[in-house]
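Student: I am sharing upload-v5.cif, which consists of mmCIF, C-alpha atoms:
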data_upload
#
loop_
_atom_site.label_atom_id
_atom_site.label_comp_id
_atom_site.auth_asym_id
_atom_site.auth_seq_id
_atom_site.Cartn_x
_atom_site.Cartn_y
_atom_site.Cartn_z
CA MET A 15 13.01 -5.87 -0.93
CA ILE A 16 11.99 -8.16 1.91
CA LEU A 17 11.28 -6.66 5.32
CA ASP A 18 13.52 -8.14 8.01
CA SER A 19 12.89 -6.76 11.49
CA LYS A 20 15.71 -8.66 13.25
CA ALA A 21 18.10 -5.71 13.28
CA MET A 22 15.59 -3.53 15.16
CA ARG A 23 16.48 -5.09 18.50
CA HIS A 24 20.09 -4.00 18.07
CA LEU A 25 19.36 -0.32 17.38
CA THR A 26 19.96 2.07 20.26
CA ALA A 27 17.96 5.15 21.14
CA GLU A 28 20.75 7.21 19.55
CA ASP A 29 20.46 5.19 16.32
CA TRP A 30 16.75 5.94 16.12
CA ARG A 31 17.37 9.65 16.62
CA VAL A 32 19.91 9.69 13.80
CA LEU A 33 17.64 7.69 11.49
CA ALA A 34 14.79 10.11 12.20
CA ALA A 35 17.18 13.00 11.51
CA VAL A 36 17.99 11.59 8.07
CA GLU A 37 14.27 11.32 7.33
CA THR A 38 13.68 14.91 8.45
CA GLY A 39 16.62 16.16 6.40
CA SER A 40 15.28 14.35 3.33
CA LYS A 41 12.45 16.87 3.12
CA ASN A 42 14.86 19.38 1.61
CA HIS A 43 17.85 17.28 0.53
CA GLU A 44 18.09 14.34 -1.83
CA LEU A 45 21.35 13.51 -0.05
CA VAL A 46 21.30 14.79 3.54
CA PRO A 47 24.66 16.42 4.43
CA THR A 48 26.36 14.88 7.43
CA PRO A 49 26.55 18.23 9.32
CA ILE A 50 22.76 18.54 9.02
CA ILE A 51 22.32 15.01 10.37
CA GLU A 52 24.56 15.97 13.29
CA ARG A 53 22.53 19.10 13.99
CA LEU A 54 19.11 17.44 13.72
CA SER A 55 20.10 14.43 15.85
CA ARG A 56 21.05 16.52 18.90
CA LEU A 57 22.84 13.63 20.57
CA ARG A 58 24.44 14.13 23.96
CA GLY A 59 27.48 12.27 22.73
CA GLY A 60 28.10 14.91 20.10
CA VAL A 61 29.58 14.36 16.65
CA SER A 62 31.34 11.11 17.55
CA GLY A 63 28.06 9.57 18.71
CA VAL A 64 26.34 10.62 15.51
CA HIS A 65 29.03 9.04 13.36
CA LYS A 66 28.86 5.82 15.38
CA SER A 67 25.12 5.62 14.72
CA ILE A 68 25.56 6.52 11.04
CA SER A 69 27.99 3.62 10.67
CA ALA A 70 25.54 1.21 12.36
CA LEU A 71 22.62 2.36 10.22
CA ALA A 72 24.62 2.17 7.00
CA LYS A 73 25.81 -1.36 7.78
CA THR A 74 22.20 -2.41 8.34
CA GLY A 75 21.16 -0.84 5.03
CA LEU A 76 18.81 1.72 6.57
CA ILE A 77 20.73 4.66 5.11
CA ALA A 78 23.16 4.76 2.20
CA LYS A 79 25.72 6.97 0.52
CA MET A 80 25.71 7.95 -3.14
CA LYS A 81 28.67 7.34 -5.38
CA GLU A 82 30.35 10.41 -6.83
CA ALA A 83 28.40 12.71 -4.52
CA LYS A 84 29.76 16.26 -4.29
CA TYR A 85 29.61 16.24 -0.50
CA ASP A 86 29.50 13.79 2.41
CA GLY A 87 25.94 12.76 3.17
CA TYR A 88 23.40 9.95 3.34
CA ARG A 89 19.98 9.17 1.97
CA LEU A 90 17.15 7.20 3.57
CA THR A 91 16.51 3.78 2.03
CA TYR A 92 13.19 1.94 1.86
CA GLY A 93 14.54 -0.29 4.62
CA GLY A 94 15.05 2.76 6.81
CA LEU A 95 11.55 3.99 6.09
CA ASP A 96 10.19 0.52 6.94
CA TYR A 97 11.98 0.59 10.30
CA LEU A 98 10.74 4.07 11.18
CA ALA A 99 7.16 2.97 10.52
CA LEU A 100 7.58 -0.22 12.57
CA HIS A 101 9.21 1.74 15.37
CA GLN A 102 6.19 4.03 15.56
CA TYR A 103 3.74 1.10 15.54
CA ALA A 104 5.71 -0.70 18.24
CA SER A 105 5.81 2.39 20.47
CA GLN A 106 2.01 2.69 20.09
CA ASN A 107 1.44 -1.05 20.80
CA PHE A 108 -0.07 -1.67 17.36
CA VAL A 109 2.70 -4.11 16.34
CA TYR A 110 4.74 -6.34 18.64
CA SER A 111 5.98 -9.01 16.24
CA VAL A 112 6.42 -9.44 12.50
CA GLY A 113 5.64 -12.66 10.69
CA SER A 114 5.99 -13.84 7.12
CA ARG A 115 5.15 -12.09 3.90
CA ILE A 116 1.82 -13.41 2.61
CA GLY A 117 1.55 -11.32 -0.52
CA VAL A 118 3.88 -9.46 -2.85
CA GLY A 119 3.04 -7.38 -5.86
CA LYS A 120 4.56 -4.70 -7.99
CA GLU A 121 3.19 -1.93 -5.76
CA SER A 122 3.11 -3.36 -2.24
CA ASP A 123 4.12 -6.07 0.23
CA ILE A 124 1.63 -7.72 2.59
CA MET A 125 2.94 -8.97 5.93
CA ILE A 126 1.39 -10.77 8.89
CA VAL A 127 2.03 -8.94 12.18
CA ALA A 128 0.69 -9.27 15.72
CA ASP A 129 0.15 -6.95 18.64
CA ASN A 130 1.31 -7.57 22.22
CA LYS A 131 -1.86 -9.60 22.89
CA GLY A 132 -1.12 -11.98 20.02
CA THR A 133 -3.89 -10.66 17.76
CA GLN A 134 -2.80 -11.09 14.16
CA LYS A 135 -3.15 -8.20 11.77
CA VAL A 136 -2.06 -7.23 8.28
CA LEU A 137 0.74 -4.77 7.52
CA LYS A 138 0.61 -3.35 4.01
CA ILE A 139 3.80 -1.67 2.79
CA HIS A 140 3.38 0.49 -0.31
CA ARG A 141 6.36 0.33 -2.65
CA LEU A 142 5.53 2.37 -5.70
CA GLY A 143 8.32 2.56 -8.22
CA ARG A 144 9.71 -0.96 -8.15
CA ILE A 145 7.47 -2.17 -10.95
CA SER A 146 9.86 -1.27 -13.70
CA PHE A 147 13.41 -0.09 -14.08
CA ARG A 148 12.35 1.58 -17.34
CA THR A 149 9.57 3.47 -15.58
CA VAL A 150 12.06 4.87 -13.08
CA LYS A 151 14.33 6.08 -15.86
CA ALA A 152 11.45 7.68 -17.77
CA ASN A 153 10.23 9.54 -14.69
CA ARG A 154 13.58 10.40 -13.09
CA ASP A 155 13.32 14.16 -13.61
CA TYR A 156 9.72 14.21 -12.35
CA LEU A 157 10.65 12.27 -9.25
CA ARG A 158 13.66 14.42 -8.44
CA ARG A 159 11.40 17.44 -8.41
CA LYS A 160 9.34 15.59 -5.81
CA ASN A 161 12.39 15.04 -3.62
CA HIS A 162 12.20 18.57 -2.27
CA ASN A 163 9.47 20.01 -0.09
CA ASN A 164 7.49 16.77 -0.31
CA GLY A 165 6.51 16.98 3.33
CA GLY A 166 7.64 13.50 4.17
CA GLY A 167 11.26 12.81 3.41
CA GLY A 168 12.86 10.19 1.24
CA SER A 169 12.99 9.84 -2.52
CA GLY A 170 10.20 10.66 -4.95
CA TRP A 171 8.98 7.07 -4.87
CA MET A 172 8.90 7.13 -1.08
CA TYR A 173 6.85 10.33 -1.20
CA LEU A 174 4.39 8.71 -3.62
CA SER A 175 4.25 5.51 -1.57
CA ARG A 176 3.44 7.63 1.46
CA LEU A 177 0.63 9.31 -0.48
CA ALA A 178 -0.73 5.91 -1.52
CA ALA A 179 -0.86 4.79 2.12
CA MET A 180 -2.48 8.06 3.23
CA LYS A 181 -5.13 7.84 0.52
CA GLU A 182 -5.90 4.18 1.08
CA TYR A 183 -6.20 4.65 4.84
CA ALA A 184 -8.51 7.65 4.42
CA PHE A 185 -10.81 5.78 2.05
CA MET A 186 -10.83 2.65 4.21
CA GLN A 187 -11.90 4.74 7.19
CA ALA A 188 -14.65 6.48 5.22
CA LEU A 189 -15.94 3.26 3.65
CA ARG A 190 -15.84 1.36 6.93
CA GLU A 191 -17.86 4.07 8.66
CA GLU A 192 -20.50 3.82 5.93
CA GLY A 193 -20.81 0.06 6.41
CA PHE A 194 -18.90 -1.12 3.34
CA PRO A 195 -17.34 -4.59 3.61
CA VAL A 196 -13.67 -3.56 3.87
CA PRO A 197 -10.89 -4.42 6.34
CA GLU A 198 -10.79 -2.36 9.51
CA PRO A 199 -8.09 0.31 9.23
CA ILE A 200 -6.11 0.35 12.50
CA ALA A 201 -3.17 2.70 11.95
CA GLN A 202 -1.13 4.41 9.25
CA SER A 203 2.50 5.48 9.36
CA ARG A 204 4.51 6.80 6.45
CA HIS A 205 4.11 4.35 3.52
CA THR A 206 2.40 1.61 5.57
CA ILE A 207 -1.02 0.65 6.92
CA VAL A 208 -1.99 -1.76 9.70
CA MET A 209 -5.43 -3.30 9.15
CA SER A 210 -7.49 -6.21 10.38
CA LEU A 211 -6.76 -9.71 9.11
CA ILE A 212 -9.74 -11.23 7.33
CA ASP A 213 -10.16 -14.99 6.96
CA ALA A 214 -11.01 -14.96 3.27
CA PHE A 215 -9.74 -15.95 -0.15
CA PRO A 216 -9.14 -13.78 -3.23
CA LEU A 217 -11.82 -14.27 -5.86
CA ARG A 218 -9.11 -15.18 -8.35
CA GLN A 219 -8.38 -18.35 -6.34
CA ILE A 220 -11.99 -19.53 -6.41
CA SER A 221 -12.80 -22.10 -9.09
CA HIS A 222 -16.46 -22.64 -8.21
CA VAL A 223 -19.27 -20.81 -6.41
CA GLY A 224 -22.65 -22.32 -5.66
CA ASP A 225 -24.65 -19.34 -6.90
CA PRO A 226 -22.66 -17.19 -9.35
CA ALA A 227 -25.72 -15.12 -10.26
CA THR A 228 -26.19 -13.90 -6.69
CA LEU A 229 -22.50 -13.08 -6.24
CA TYR A 230 -22.45 -11.29 -9.61
CA GLY A 231 -25.43 -9.21 -8.57
CA GLU A 232 -23.86 -8.31 -5.23
CA LEU A 233 -20.67 -7.14 -6.92
CA MET A 234 -22.54 -4.99 -9.42
CA GLU A 235 -24.58 -3.51 -6.58
CA MET A 236 -21.35 -2.75 -4.73
CA ILE A 237 -20.09 -0.81 -7.77
CA MET A 238 -23.35 1.16 -7.83
CA ARG A 239 -23.27 1.71 -4.08
CA LEU A 240 -19.79 3.18 -4.37
CA ALA A 241 -21.10 5.45 -7.12
CA ARG A 242 -23.92 6.68 -4.90
CA HIS A 243 -21.21 7.78 -2.47
CA GLY A 244 -19.36 9.54 -5.30
CA LEU A 245 -16.64 6.91 -5.75
CA ILE A 246 -15.22 4.55 -8.36
CA HIS A 247 -12.86 1.86 -7.12
CA GLY A 248 -10.73 1.97 -10.28
CA ASP A 249 -9.41 -1.58 -9.93
CA PHE A 250 -12.52 -3.62 -9.15
CA ASN A 251 -11.48 -7.12 -10.18
CA GLU A 252 -10.85 -10.65 -8.94
CA PHE A 253 -7.53 -9.66 -7.35
CA ASN A 254 -9.08 -7.01 -5.10
CA ILE A 255 -12.21 -8.88 -4.04
CA LEU A 256 -12.03 -11.40 -1.19
CA LEU A 257 -14.71 -13.99 -0.48
CA LYS A 258 -15.49 -14.69 3.15
CA GLU A 259 -17.72 -17.55 4.26
CA GLU A 260 -20.14 -17.06 7.12
CA THR A 261 -22.43 -19.71 8.59
CA VAL A 262 -26.04 -18.56 8.94
CA THR A 263 -28.35 -20.49 11.29
CA ASN A 264 -32.07 -20.63 10.62
CA ASN A 265 -33.79 -21.23 13.98
CA GLU A 266 -37.26 -21.19 12.43
CA THR A 267 -36.83 -24.71 11.11
CA THR A 268 -36.96 -27.91 13.17
CA PRO A 269 -34.26 -28.86 13.68
CA PRO A 270 -32.39 -25.56 12.99
CA THR A 271 -30.55 -25.57 9.67
CA GLU A 272 -27.28 -23.96 8.75
CA THR A 273 -26.30 -22.46 5.41
CA VAL A 274 -23.04 -20.93 4.26
CA LYS A 275 -23.24 -17.37 2.97
CA VAL A 276 -20.47 -15.92 0.82
CA ILE A 277 -19.66 -12.28 1.58
CA PRO A 278 -17.48 -10.23 -0.81
CA ILE A 279 -14.85 -8.03 0.84
CA LEU A 280 -13.31 -5.13 -1.09
CA ILE A 281 -9.62 -4.23 -0.72
CA ASP A 282 -6.93 -1.99 -2.30
CA PHE A 283 -7.96 1.66 -2.62
CA PRO A 284 -4.99 3.84 -3.73
CA GLN A 285 -6.40 4.16 -7.26
CA MET A 286 -9.94 5.07 -6.16
CA VAL A 287 -11.31 8.18 -7.93
CA SER A 288 -14.29 10.49 -7.68
CA MET A 289 -17.35 10.19 -9.90
CA GLU A 290 -16.47 13.76 -10.90
CA HIS A 291 -13.08 12.70 -12.28
CA GLN A 292 -12.46 13.67 -15.90
CA ASN A 293 -12.03 9.99 -16.83
CA ALA A 294 -14.73 8.71 -14.47
CA GLU A 295 -16.77 6.98 -17.17
CA MET A 296 -13.75 5.05 -18.41
CA TYR A 297 -12.85 3.89 -14.89
CA PHE A 298 -16.46 2.96 -14.11
CA ASP A 299 -16.90 0.96 -17.31
CA ARG A 300 -13.58 -0.79 -16.74
CA ASP A 301 -14.65 -1.92 -13.26
CA VAL A 302 -17.95 -3.28 -14.61
CA ASN A 303 -16.31 -5.06 -17.53
CA CYS A 304 -13.63 -6.63 -15.33
CA VAL A 305 -16.34 -8.40 -13.33
CA LYS A 306 -18.23 -9.44 -16.45
CA ARG A 307 -15.16 -10.89 -18.16
CA PHE A 308 -14.07 -12.81 -15.07
CA PHE A 309 -17.48 -14.37 -14.42
CA GLU A 310 -17.83 -15.43 -18.04
CA ARG A 311 -14.32 -16.88 -18.15
CA ARG A 312 -14.23 -18.55 -14.74
CA PHE A 313 -17.85 -19.47 -13.97
CA HIS A 314 -19.30 -19.44 -17.51
CA PHE A 315 -21.88 -16.98 -16.28
CA VAL A 316 -23.24 -14.07 -18.31
CA GLY A 317 -25.62 -11.56 -16.75
CA THR A 318 -29.02 -11.28 -18.38
CA GLN A 319 -29.32 -7.53 -17.70
CA PRO A 320 -27.16 -4.94 -19.49
CA GLY A 321 -25.13 -2.46 -17.50
CA PRO A 322 -24.81 -1.01 -15.01
CA PHE A 323 -24.11 2.16 -16.97
CA PHE A 324 -22.20 5.25 -15.95
CA LYS A 325 -25.07 7.58 -16.79
CA ASP A 326 -27.31 5.74 -14.33
CA ALA A 327 -24.58 5.72 -11.68
CA LYS A 328 -24.14 9.46 -12.15
CA LYS A 329 -27.83 10.06 -11.55
CA ALA A 330 -27.72 7.86 -8.43
CA MET A 331 -25.06 9.97 -6.68
CA GLY A 332 -26.29 11.05 -3.27
CA GLN A 333 -29.48 8.98 -3.45
CA ARG A 334 -30.74 6.87 -0.54
CA GLY A 335 -29.07 9.29 1.84
CA ALA A 336 -25.58 8.39 0.60
CA LYS A 337 -22.80 10.66 1.90
CA ARG A 338 -20.33 11.98 -0.69
CA LEU A 339 -17.15 10.24 0.42
CA ASP A 340 -15.00 11.72 -2.35
CA ALA A 341 -15.52 15.19 -0.90
CA LEU A 342 -15.09 13.86 2.64
CA VAL A 343 -11.64 12.41 1.93
CA GLU A 344 -10.51 15.60 0.20
CA ALA A 345 -11.68 17.61 3.19
CA SER A 346 -9.63 15.35 5.47
CA GLY A 347 -6.41 16.87 4.15
CA PHE A 348 -5.62 14.74 1.11
CA THR A 349 -5.31 17.63 -1.35
CA LYS A 350 -5.95 17.76 -5.09
CA LYS A 351 -2.21 18.16 -5.66
CA MET A 352 -1.55 14.94 -3.75
CA LEU A 353 -4.22 13.17 -5.80
CA LYS A 354 -2.65 14.43 -9.02
CA ASP A 355 0.84 13.29 -8.02
CA LEU A 356 -0.37 9.86 -6.95
CA GLU A 357 -2.59 9.36 -9.99
CA ALA A 358 0.35 10.11 -12.31
CA ALA A 359 2.49 7.52 -10.53
CA ILE A 360 -0.23 4.84 -10.55
CA ARG A 361 -0.90 5.51 -14.23
CA ALA A 362 2.81 4.92 -14.92
CA GLN A 363 2.65 1.70 -12.88
CA GLN A 364 -0.39 0.42 -14.75
CA ALA A 365 1.20 1.22 -18.10
CA GLU A 366 3.82 -1.41 -17.25
CA ALA A 367 1.27 -4.02 -16.07
CA PRO A 368 0.89 -7.26 -18.04
CA GLU A 369 -1.77 -7.27 -20.69
CA GLY A 370 -5.07 -8.72 -19.67
CA GLY A 371 -6.32 -6.02 -17.36
CA GLY A 372 -5.91 -5.31 -13.70
CA SER A 373 -3.51 -3.29 -11.63
CA ALA A 374 0.20 -3.55 -11.32
CA ASP A 375 -0.26 -5.12 -7.90
CA GLU A 376 -2.20 -8.10 -9.22
CA GLU A 377 0.59 -10.37 -10.39
CA ALA A 378 2.62 -11.78 -7.51
CA TYR A 379 6.30 -12.05 -8.18
CA GLU A 380 7.07 -15.69 -8.79
CA ASP A 381 10.79 -15.09 -8.53
CA GLU A 382 11.36 -12.98 -5.43
CA GLU A 383 15.10 -12.85 -5.99
CA ASP A 384 14.57 -11.19 -9.36
CA ASP A 385 12.21 -8.74 -7.66
CA ASP A 386 14.84 -7.80 -5.07
CA ASN A 387 17.54 -7.50 -7.71
CA ASP A 388 15.36 -5.25 -9.88
CA GLU A 389 14.71 -2.94 -6.94
CA GLU A 390 18.40 -2.74 -6.09
CA GLU A 391 19.13 -1.89 -9.72
CA GLN A 392 16.41 0.76 -9.65
CA GLU A 393 17.78 2.39 -6.48
CA ALA A 394 21.27 2.29 -7.91
CA ASP A 395 20.07 4.09 -11.02
CA GLU A 396 18.27 6.74 -8.97
CA GLY A 397 21.21 7.59 -6.77
CA GLU A 398 24.01 5.08 -7.44
CA LEU A 399 23.96 3.89 -3.85
CA GLU A 400 27.14 3.00 -2.06
CA GLU A 401 26.46 0.56 0.76
CA GLU A 402 29.18 0.00 3.29
CA GLU A 403 28.05 -3.59 3.91
CA PRO A 404 25.23 -5.80 2.57
CA ALA A 405 21.87 -4.69 3.90
CA ALA A 406 20.31 -6.87 6.56
CA THR A 407 16.88 -6.03 5.19
CA GLY A 408 17.45 -8.34 2.24
CA SER A 409 17.20 -11.65 4.11
CA ASN A 410 14.07 -13.66 4.73
CA ALA A 411 11.90 -12.41 7.58
CA PRO A 412 11.60 -14.83 10.49
CA ASP A 413 8.20 -16.11 11.56
CA MET A 414 6.74 -13.61 14.05
CA ALA A 415 10.06 -12.05 14.98
CA ARG A 416 9.55 -9.91 18.06
CA LEU A 417 10.29 -6.23 17.69
CA SER A 418 12.52 -4.40 20.08
CA ILE A 419 12.15 -0.65 20.03
CA GLY A 420 15.01 0.06 22.41
CA ASP A 421 14.99 2.94 24.87
CA GLN A 422 12.29 5.49 24.20
CA THR A 423 13.47 8.95 23.25
#
Once you've parsed the file, please lay out its structure as C-alpha cells.
Tutor:
Amino acid sequence: MILDSKAMRHLTAEDWRVLAAVETGSKNHELVPTPIIERLSRLRGGVSGVHKSISALAKTGLIAKMKEAKYDGYRLTYGGLDYLALHQYASQNFVYSVGSRIGVGKESDIMIVADNKGTQKVLKIHRLGRISFRTVKANRDYLRRKNHNNGGGGSGWMYLSRLAAMKEYAFMQALREEGFPVPEPIAQSRHTIVMSLIDAFPLRQISHVGDPATLYGELMEMIMRLARHGLIHGDFNEFNILLKEETVTNNETTPPTETVKVIPILIDFPQMVSMEHQNAEMYFDRDVNCVKRFFERRFHFVGTQPGPFFKDAKKAMGQRGAKRLDALVEASGFTKKMLKDLEAAIRAQQAEAPEGGGSADEEAYEDEEDDDNDEEEQEADEGELEEEEPAATGSNAPDMARLSIGDQT
C-alpha cells in the first residue's frame, strides 16, 4: 500500500480516539466488537458519536469489517496503523509533512518526511507479510495465534512489523552510540522509525570506485568490528550499504589539496543476530561471501587474503574494549521470545526472495500497482475485508503534504 497522509487533516479528535480504541481492542480481539470500541473510546457524544467516527474511519480505509463475521466489529488496517504512528510523530514535532516514497521493498516502505523546521528525514515503515500471498496462507494459523496478547494490537503481520521496527531502532541506537556509521535513529512508533536522511547512494548503484581494494578492506573490517561487539548483520550486501562522499582538505600542502573520501554507511538491521546464535557461522559466512561475490562481479576485484573466518571473529568478541551489543539490546526489553517470533517471520520472507542472494527487501517493486493489489489480496485472505468505500490510503502521496493532527486529546 502507498501511504497517503491527506485524510489526516480531516480527522477529528473523536476520530483519533476511536481509532486508538480499535488498536487497543486489537490486543485481545482479531475483530474488535463495536461495543468494546464504544467503551474504550469514552466519547462525550456517546454511542452516536462513536458510530459517526467509525463510519469516517471505515470510509478512509483505516479500519475495516470482515465478511461473514459472527458479530459486528472492526479490525485495524495497515493504513490505520500508519496514521496512528504519524499522529504520534506529529504531536511530538518529529514529523510535520510527508513527501514522496523513495524506496519500496517486500518488507518496508521508505518515505521522505520533514519536521516543522523543514529538516528532511527518513520514515521507514515496516510491512512484513506482503512479500507473498502464499507465505500468508502457509503461516495463517501461526499468525492468528499472534493476534492475541501480542502487546501491540493489529494482525499478526502488524505485530511482527512492530517487532521489526523495535529491533531495528534498538540496534541503530546501540551501534550509533558505539561510533558505527549508521543513520541517526530519531524516533520509533509502532511499525515505523524516523531516522536521519543521509546524502549517499546504495552500493548496488555504483558502477565504479577509484580504489576497490580499500573499500573492500573497510567492509570486511566492519564485519569483524560488528563481531567484536557480538553481532552479525545477517544481510550485509550491496543493497544495505550506502556510499557517502566526503571532501577531505590537506592543509599541509601548498596550496591546500582536496581529496574525496568514500565512507560506507550500514543500514537495515531487523535481521541482525548475535554471534551466539545457533546459526551464527552460516550468517557470518553469508555476509562475507556477499561482499566477495559483489566485488568480483561488479569491480572485477578479488581479495588476496582469505577470510575473514568465523572462528577468528568468535575469538575477537569483546577485544579492543568492545561492548557486547547483543546482550545490551536484549537487556533493553527486546526479549528472546520477540527475537524468535521475528526471526521466524524474516526466515519466511527470505524463503520467498528471488534467487541470487540478499534479503526480501532488496528488490524494489517495479510495478507498484501489482504490489498494492497483492497486499489487498493478502489482507482479504486473512480476514476477507469488507470496505465500505475505497480506501484513501491507496492513492499517490503528495509531495510534502502537511500533516494536520487535529485537536489534541
Student: For a test of reading the model, state the distance in Å between atom CA of A:Val196 and atom CA of A:Ile279, rounded to one decimal.
Tutor: 5.5 Å
Student: Which residue is closest to A:Lys328? Choose from A:Lys351, A:Arg239, A:Arg31, A:Arg361 and count all atoms listed in the file.
Tutor: A:Arg239
Student: To test your reading of the syntax: which residues would the PyMOL selection byres ((chain A and resi 36) around 7) return for the file shown? Reply as a ChimeraX atom specification.
Tutor: /A:32-35,37-40,46,51,89-90
Student: Nearest to A:Glu252: which of A:His24, A:His291, A:Arg312, A:Arg334 is it, counting all atoms listed in the file?
Tutor: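 Using all atoms listed in the file, the shortest distance to A:Glu252 belongs to A:Arg312.
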Student: Within 12 Å of (-25.8, -17.7, -8.7), only C-alpha atoms: residues as a short mmCIF file (atom, residue, chain, number, x, y, z; two decimals) with C-alpha atoms, keeping the file's coordinate frame?
Tutor:
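Full text of part_34.cif as output:
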data_model
loop_
_atom_site.label_atom_id
_atom_site.label_comp_id
_atom_site.auth_asym_id
_atom_site.auth_seq_id
_atom_site.Cartn_x
_atom_site.Cartn_y
_atom_site.Cartn_z
CA HIS A 222 -16.46 -22.64 -8.21
CA VAL A 223 -19.27 -20.81 -6.41
CA GLY A 224 -22.65 -22.32 -5.66
CA ASP A 225 -24.65 -19.34 -6.90
CA PRO A 226 -22.66 -17.19 -9.35
CA ALA A 227 -25.72 -15.12 -10.26
CA THR A 228 -26.19 -13.90 -6.69
CA LEU A 229 -22.50 -13.08 -6.24
CA TYR A 230 -22.45 -11.29 -9.61
CA GLY A 231 -25.43 -9.21 -8.57
CA GLU A 232 -23.86 -8.31 -5.23
CA LEU A 233 -20.67 -7.14 -6.92
CA LYS A 275 -23.24 -17.37 2.97
CA VAL A 276 -20.47 -15.92 0.82
CA PHE A 309 -17.48 -14.37 -14.42
CA PHE A 313 -17.85 -19.47 -13.97
CA HIS A 314 -19.30 -19.44 -17.51
CA PHE A 315 -21.88 -16.98 -16.28
CA VAL A 316 -23.24 -14.07 -18.31
CA GLY A 317 -25.62 -11.56 -16.75
#
Student: May I have the residues within 7 Å of A:Val262 as JSON, numbers by chain, using all atoms listed in the file and disregarding those fewer than 5 positions away in the same chain?
Tutor: {"A": [272, 273, 274, 275]}
Student: Go ahead and save the residues from that selection, with C-alpha atoms, as a compact mmCIF listing (two decimals), in the coordinates of the input.
Tutor:
# COMPACT_ATOMS: atom_id res chain seq x y z
CA GLU A 272 -27.28 -23.96 8.75
CA THR A 273 -26.30 -22.46 5.41
CA VAL A 274 -23.04 -20.93 4.26
CA LYS A 275 -23.24 -17.37 2.97
Student: Smallest atom-to-atom distance to A:Arg23: which of A:His101, A:Lys181, A:Lys84, A:Arg53, using only C-alpha atoms?
Tutor: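 Going through A:His101, A:Lys181, A:Lys84, A:Arg53 one by one, the smallest distance to A:Arg23 is for A:His101.
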Student: For the file shown, report as JSON, numbers by chain the outcome of the PyMOL selection byres ((chain A and resi 344) around 12) at residue level.
Tutor: {"A": [180, 181, 184, 185, 188, 287, 288, 338, 339, 340, 341, 342, 343, 345, 346, 347, 348, 349, 350, 351, 352, 353]}
Student: Kindly give the distance, in Å, that separates atom CA of A:Ser114 and atom CA of A:Gly170, rounded to a single decimal.
Tutor: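 Separation of atom CA of A:Ser114 and atom CA of A:Gly170: 27.6 Å.
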Student: Using only C-alpha atoms, which protein or nucleic acid residues come within 9 Å of stretch 55-71 of chain A? Drop anything in the same chain fewer than 3 positions from it, and give the result as a count of residues only.
Tutor: 24
Student: Dump as number ranges by chain all residues having an atom at most 9 Å from (-2.2, -10.2, 12.2), computed in the file's coordinates with all atoms listed in the file.
Tutor: A: 109, 112-113, 125-129, 132-137, 208-211
Student: With all atoms listed in the file as the atoms that count, which of A:Ala241, A:Ile277, A:Ala362, A:Leu256 lies nearest to A:Glu290?
Tutor: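 Using all atoms listed in the file, the shortest distance to A:Glu290 belongs to A:Ala241.
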Student: Identify which of the residues A:Asn303, A:Gln319, A:Thr91, A:Ser122 lies closest to A:Thr206, counting all atoms listed in the file when measuring atom-to-atom distances.
Tutor: A:Ser122
Student: Given the file shown, enumerate the residues that the PyMOL selection byres ((chain A and resi 325) around 12) captures and present them as a ChimeraX atom specification.
Tutor: /A:238,241-242,289,294-296,298-299,321-324,326-331
Student: May I ask for the distance between atom CA of A:Asp249 and atom CA of A:Phe283, given in Å to one decimal place?
Tutor: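 Computing it gives 8.1 Å between the two atoms.
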Student: Residues at most 12 Å from A:Gly193, counting all atoms listed in the file, excluding those fewer than 6 positions away in the same chain, as a PyMOL selection string?
Tutor: chain A and resi 186-187+236+239-240+243+279-280+336-337
Student: Using only C-alpha atoms, which of A:Leu245, A:Ile16, A:Val305, A:Ile237 sits nearest A:Arg115?
Tutor: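 With only C-alpha atoms as the atom set, the closest residue is A:Ile16.
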